[in-house]
Amino acid sequence: MRRNLPRIAAVILTLTLATTAARAWSDHGMATYRVLSALPEVAAAAPVAAEPLADFLRAEEAQIEATLAQTQTWAAGRLEAYPPLPAALRFVADPARSDGARQLAFLRALRVALDARFALYVQPDRWLDVQGSELPVAAVVTPGSGVLDHRFLALQPGEQVAPLAVVASAADEPDYGLDIGIWTDSRTPWGKEMGMGPLPFGNPALVFATQAPMHMGFYHEDRILYLAAPQLRRTYPQLRHHQFAALAQLAFRSGHPYWGWRFTGLALHYLQDLTQPYHATVMPGASTLRMLGISVLAKLGMQRPWDEAIVLLSNRHLAAEAFQSDLIREAARVRRAGAIETALQDVRRDGTLPAWSDDALRTQVSARAHAAAPALNDAVLAALPDRLVLDPGFDYGVHEREVDLLREIGPQGKTPGSRAALEAAIADRMADFGAFTRAAVRAIVGEVRR
């Protein structure tokens with residue numbers, strides 16, 4: 001068996017491509033508005049002045065140098081299979097350089113996409129009729145991210161804005177292309193210089209797929225799966241959360257509250273992604289033995305079981321996310337909270353969580369999502385129409401814009417009560433989304449106040 005593991009690994013890693021076709025949860029911003037409206041530290045915070053990133057970097061570059069160096073030390077000591085930052089990418093203070101050169105150096109030191117926008121904007125709450133100067137999607141979102149239908153309002157430097165709007169908007173921002181193309185085999189001008197190594201899984205030619213290892217965390221699979229595919233350990237949402245949380249605390253301490261809240265929102269995104277079972281589990285609903293079995297069959301030339309497994313996994317992942325997104329948008333449209341909104345704002349779970357720690361994304365957030373994966377997968381299968389989740393001849397990713405999911409599922413689901421059961425399973429994940437989001441915000445803001 002051990003001699004066959006490298007060959008099986010290649011096939012297992014192909015499977016993870018099925019989970020890279022979608023963001024973990026759609027509309028992080030809308031969900032975060034609901035979550036943090038229940039947290040007075042954010043909802044009641046005084047407005048802050050919007051500030052261009054260049055101004056923050058220019059004013060605090062010596063402290064930014066120290067903070068980013070500390071995050072690298074942390075990552076080297078705490079993360080598995082962490083590729084050290086190349087010396088040429090280290091952020092070194094240089095007051096003589098231009099604002100553009102300084103911002104580029106900052107992006108390189110973070111190892112994010114060098115065309116990241118970091119525009120001044122907010123994504124308005126769909127529950128409110130917010131007016132303002134509309135920004136085109138291209139001013140905020142980089143090509144290939146897959147984000148097409150969000151609404152953005154421009155902020156002017158110095159304009160007063162509610163911290164809730166800043167955090168909620170930024171919580172969606174990493175899905176706008178921040179992590180695209182950062183691997184040595186990426187088809188971007190900056191991929192080779194980042195020192196991240198080749199894309200751990202998926203197809204580097206598919207632009208959107210290249211962000212997946214920064215947004216997924218496979219920390220709780222069977223040991224034999226890691227033996228077969230050690231690349232599954234090369235996932236780094238913990239890195240991103242730590243980087244942005246540290247920058248948020250620096251910004252708050254140094255008198256840049258807008259960037260304190262903006263970096264807080266960026267940090268939250270990676271935590272929130274790991275509350276999604278399809279981002280914390282390679283193949284929900286399948287045993288390790290089954291995954292290895294269909295891998296072996298594929299290597300022997302019997303490709304059909306493998307191809308069908310990929311389509312079905314992708315369909316279930318996409319359908320679960322689409323259902324969650326449709327529920328959030330429909331509740332906002334009719335201004336009536338449902339099970340999702342209730343779960344996001346329910347603070348009762350907050351007090352049941354262990355104390356927050358640097359390892360929380362691994363030991364708490366993803367662990368709970370991984371444990372919830374079988375139940376959510378079962379609920380998806382029970383409630384959604386067979387053609388969407390049981391028919392390998394139907395590719396949901398290809399036809400998603402043609403599917404009116406709420407109409408197809410109907411008020412009951414495939415069988416009486418199955419829709420309610422699926423809503424309950426997603427609401428459970430949204431309750432974790434809310435509780436862990438508030439815990440992380442308290443940790444970031446509380447550390448600054450101590």
# chains A, B, ... in the order shown; residues from 1 in each chain; ligands from 1
call {"tool": "residues_around", "arguments": {"residues": "A:Ser37", "least_positions_apart": "3", "cutoff": "12 Å", "atoms": "only C-alpha atoms", "output": "list in words"}}
result
Met30, Ala31, Thr32, Tyr33, Arg34, Pro40, Glu41, Val42, Ala43, Ala44, Ala45, Asp125, Ala162, Pro163, Leu164, Ala165, Val167, Ala168, Glu341, Thr342, Leu344, Gln345, Asp346, Val347, Gly434, Thr437 and Arg438 of chain A
call {"tool": "select_by_dssp", "arguments": {"residues": "stretch 98-167 of chain A", "states": "helix (DSSP H, G or I)", "output": "PyMOL selection string"}}
result
chain A and resi 99-110+137-139+163-167
call {"tool": "write_last_selection", "arguments": {"atoms": "C-alpha atoms", "output": "compact mmCIF listing (two decimals), in the first residue's frame"}}
result
# COMPACT_ATOMS: atom_id res chain seq x y z
CA ASP A 99 3.94 55.56 -1.85
CA GLY A 100 3.51 53.12 -4.74
CA ALA A 101 6.79 51.36 -4.05
CA ARG A 102 5.98 51.13 -0.34
CA GLN A 103 2.54 49.62 -0.98
CA LEU A 104 4.04 47.09 -3.40
CA ALA A 105 6.62 46.13 -0.76
CA PHE A 106 3.80 45.66 1.75
CA LEU A 107 1.88 43.35 -0.58
CA ARG A 108 5.02 41.34 -1.28
CA ALA A 109 5.77 40.93 2.42
CA LEU A 110 2.22 39.66 3.01
CA VAL A 137 -16.88 46.10 -9.45
CA ALA A 138 -13.51 46.28 -11.24
CA ALA A 139 -12.40 49.08 -8.90
CA PRO A 163 -16.90 50.64 12.00
CA LEU A 164 -19.63 48.02 11.47
CA ALA A 165 -19.69 48.85 7.75
CA VAL A 166 -15.89 48.77 7.54
CA VAL A 167 -15.54 45.38 9.23
call {"tool": "residues_around", "arguments": {"residues": "A:Phe433", "least_positions_apart": "3", "cutoff": "7 Å", "atoms": "only C-alpha atoms", "output": "ChimeraX atom specification"}}
result
/A:272,275,344,429-430,436-437
call {"tool": "residues_around", "arguments": {"residues": "A:Ala66", "least_positions_apart": "6", "cutoff": "12 Å", "atoms": "only C-alpha atoms", "output": "list in words"}}
result
Glu60, Gln72, Thr73, Arg90, Phe91, Val92, Ala93, Ala109, Ala246, Leu247 and Leu250 of chain A
call {"tool": "select_by_dssp", "arguments": {"residues": "stretch 35-234 of chain A", "states": "strand (DSSP E or B)", "output": "NGL selection string"}}
result
:A and (48-49 or 121-122 or 134-135 or 152-154 or 160-161)
call {"tool": "residues_around", "arguments": {"residues": "A:His370", "least_positions_apart": "4", "cutoff": "9 Å", "atoms": "only C-alpha atoms", "output": "list in words"}}
result
Phe218, Tyr219, His220, Glu221, Leu274, Thr275, Gln276, Pro277, Tyr278, His279, Ala280, Thr281, Pro284, Val365, Ser366 and Pro374 of chain A
call {"tool": "write_last_selection", "arguments": {"atoms": "N, CA and C atoms", "output": "PDB file, in the first residue's frame"}}
result
ATOM      1  N   PHE A 218      -7.502  21.570   6.056  1.00  0.00           N
ATOM      2  CA  PHE A 218      -7.765  20.139   6.243  1.00  0.00           C
ATOM      3  C   PHE A 218      -6.908  19.625   7.398  1.00  0.00           C
ATOM      4  N   TYR A 219      -7.349  19.909   8.611  1.00  0.00           N
ATOM      5  CA  TYR A 219      -6.547  19.620   9.797  1.00  0.00           C
ATOM      6  C   TYR A 219      -6.966  18.345  10.527  1.00  0.00           C
ATOM      7  N   HIS A 220      -8.091  17.758  10.151  1.00  0.00           N
ATOM      8  CA  HIS A 220      -8.672  16.704  10.988  1.00  0.00           C
ATOM      9  C   HIS A 220      -9.032  15.451  10.200  1.00  0.00           C
ATOM     10  N   GLU A 221      -8.317  15.194   9.114  1.00  0.00           N
ATOM     11  CA  GLU A 221      -8.562  13.990   8.328  1.00  0.00           C
ATOM     12  C   GLU A 221      -7.834  12.796   8.942  1.00  0.00           C
ATOM     13  N   LEU A 274     -13.572  28.692   7.644  1.00  0.00           N
ATOM     14  CA  LEU A 274     -13.376  27.385   8.270  1.00  0.00           C
ATOM     15  C   LEU A 274     -14.589  26.919   9.067  1.00  0.00           C
ATOM     16  N   THR A 275     -15.638  27.725   9.162  1.00  0.00           N
ATOM     17  CA  THR A 275     -16.889  27.221   9.736  1.00  0.00           C
ATOM     18  C   THR A 275     -17.692  26.437   8.701  1.00  0.00           C
ATOM     19  N   GLN A 276     -17.254  26.472   7.440  1.00  0.00           N
ATOM     20  CA  GLN A 276     -17.923  25.771   6.343  1.00  0.00           C
ATOM     21  C   GLN A 276     -17.354  24.348   6.253  1.00  0.00           C
ATOM     22  N   PRO A 277     -18.162  23.317   6.487  1.00  0.00           N
ATOM     23  CA  PRO A 277     -17.649  21.943   6.460  1.00  0.00           C
ATOM     24  C   PRO A 277     -16.955  21.546   5.174  1.00  0.00           C
ATOM     25  N   TYR A 278     -17.401  22.076   4.041  1.00  0.00           N
ATOM     26  CA  TYR A 278     -16.758  21.716   2.779  1.00  0.00           C
ATOM     27  C   TYR A 278     -15.389  22.366   2.625  1.00  0.00           C
ATOM     28  N   HIS A 279     -15.028  23.262   3.537  1.00  0.00           N
ATOM     29  CA  HIS A 279     -13.686  23.851   3.535  1.00  0.00           C
ATOM     30  C   HIS A 279     -12.813  23.286   4.649  1.00  0.00           C
ATOM     31  N   ALA A 280     -13.367  22.418   5.467  1.00  0.00           N
ATOM     32  CA  ALA A 280     -12.605  21.802   6.553  1.00  0.00           C
ATOM     33  C   ALA A 280     -12.536  20.285   6.408  1.00  0.00           C
ATOM     34  N   THR A 281     -13.110  19.752   5.335  1.00  0.00           N
ATOM     35  CA  THR A 281     -13.178  18.308   5.102  1.00  0.00           C
ATOM     36  C   THR A 281     -12.967  18.057   3.612  1.00  0.00           C
ATOM     37  N   PRO A 284     -16.844  15.471   2.434  1.00  0.00           N
ATOM     38  CA  PRO A 284     -17.896  15.162   3.401  1.00  0.00           C
ATOM     39  C   PRO A 284     -18.781  14.012   2.926  1.00  0.00           C
ATOM     40  N   VAL A 365     -12.375  26.106  15.476  1.00  0.00           N
ATOM     41  CA  VAL A 365     -13.254  26.457  14.366  1.00  0.00           C
ATOM     42  C   VAL A 365     -13.357  25.314  13.359  1.00  0.00           C
ATOM     43  N   SER A 366     -12.217  24.894  12.800  1.00  0.00           N
ATOM     44  CA  SER A 366     -12.263  23.847  11.779  1.00  0.00           C
ATOM     45  C   SER A 366     -12.631  22.491  12.358  1.00  0.00           C
ATOM     46  N   PRO A 374     -20.646  15.477   8.152  1.00  0.00           N
ATOM     47  CA  PRO A 374     -21.587  14.418   7.747  1.00  0.00           C
ATOM     48  C   PRO A 374     -23.045  14.850   7.856  1.00  0.00           C
TER      49      PRO A 374
END
call {"tool": "residues_around", "arguments": {"residues": "A:Leu120", "least_positions_apart": "2", "cutoff": "8 Å", "atoms": "only C-alpha atoms", "output": "list in words"}}
result
Ala50, Glu51, Pro52, Phe118, Val122, Ala154, Leu155, Gln156 and Pro157 of chain A
call {"tool": "residues_around", "arguments": {"residues": "A:Ala170", "least_positions_apart": "3", "cutoff": "9 Å", "atoms": "only C-alpha atoms", "output": "CSV table (one decimal) with N, CA and C atoms, in the first residue's frame"}}
result
chain,number,residue,atom,x,y,z
A,28,HIS,N,-20.1,37.0,2.8
A,28,HIS,CA,-19.5,37.2,4.2
A,28,HIS,C,-19.9,38.5,4.8
A,29,GLY,N,-20.0,39.5,3.9
A,29,GLY,CA,-20.3,40.9,4.4
A,29,GLY,C,-21.7,40.9,5.0
A,122,VAL,N,-17.4,50.8,0.8
A,122,VAL,CA,-18.1,49.9,1.7
A,122,VAL,C,-19.1,49.1,0.8
A,123,GLN,N,-19.4,47.9,1.3
A,123,GLN,CA,-20.4,47.1,0.7
A,123,GLN,C,-21.7,47.3,1.5
A,165,ALA,N,-19.7,48.9,9.2
A,165,ALA,CA,-19.7,48.9,7.8
A,165,ALA,C,-18.3,48.5,7.3
A,166,VAL,N,-17.3,49.0,7.9
A,166,VAL,CA,-15.9,48.8,7.5
A,166,VAL,C,-15.6,47.3,7.7
A,167,VAL,N,-15.9,46.8,8.9
A,167,VAL,CA,-15.5,45.4,9.2
A,167,VAL,C,-16.3,44.4,8.3
A,173,GLU,N,-13.8,40.8,1.6
A,173,GLU,CA,-12.7,41.2,0.7
A,173,GLU,C,-11.7,40.2,0.2
A,174,PRO,N,-11.3,39.2,1.1
A,174,PRO,CA,-10.3,38.2,0.6
A,174,PRO,C,-10.8,37.4,-0.6
A,261,TRP,N,-10.1,48.6,11.9
A,261,TRP,CA,-11.4,47.8,11.7
A,261,TRP,C,-11.3,47.1,10.3
A,262,ARG,N,-10.6,47.7,9.3
A,262,ARG,CA,-10.5,47.0,8.0
A,262,ARG,C,-9.7,45.8,8.1
A,263,PHE,N,-8.5,45.8,8.8
A,263,PHE,CA,-7.7,44.6,8.9
A,263,PHE,C,-8.4,43.6,9.8
A,264,THR,N,-9.2,44.0,10.8
A,264,THR,CA,-10.0,43.1,11.6
A,264,THR,C,-11.0,42.3,10.7
A,265,GLY,N,-11.7,43.0,9.8
A,265,GLY,CA,-12.6,42.3,8.8
A,265,GLY,C,-11.8,41.3,7.9
A,266,LEU,N,-10.7,41.7,7.4
A,266,LEU,CA,-9.9,40.8,6.6
A,266,LEU,C,-9.5,39.5,7.4
A,267,ALA,N,-9.1,39.7,8.6
A,267,ALA,CA,-8.7,38.5,9.5
A,267,ALA,C,-9.9,37.6,9.7
A,268,LEU,N,-11.1,38.2,9.9
A,268,LEU,CA,-12.3,37.4,10.1
A,268,LEU,C,-12.7,36.5,9.0
A,269,HIS,N,-12.4,36.9,7.8
A,269,HIS,CA,-12.8,36.1,6.6
A,269,HIS,C,-12.3,34.7,6.7
call {"tool": "closest_residue", "arguments": {"among": "A:Gly410, A:Gly255, A:Pro204, A:Gly338", "to": "A:Ala59", "atoms": "only C-alpha atoms"}}
result
A:Gly255
call {"tool": "closest_residue", "arguments": {"among": "A:Ala331, A:Val130, A:Leu381, A:Leu361", "to": "A:Asp432", "atoms": "only C-alpha atoms"}}
result
A:Leu361
call {"tool": "atom_distance", "arguments": {"atom1": "atom CA of A:Asp350", "atom2": "atom CA of A:Ala435"}}
result
4.9 Å
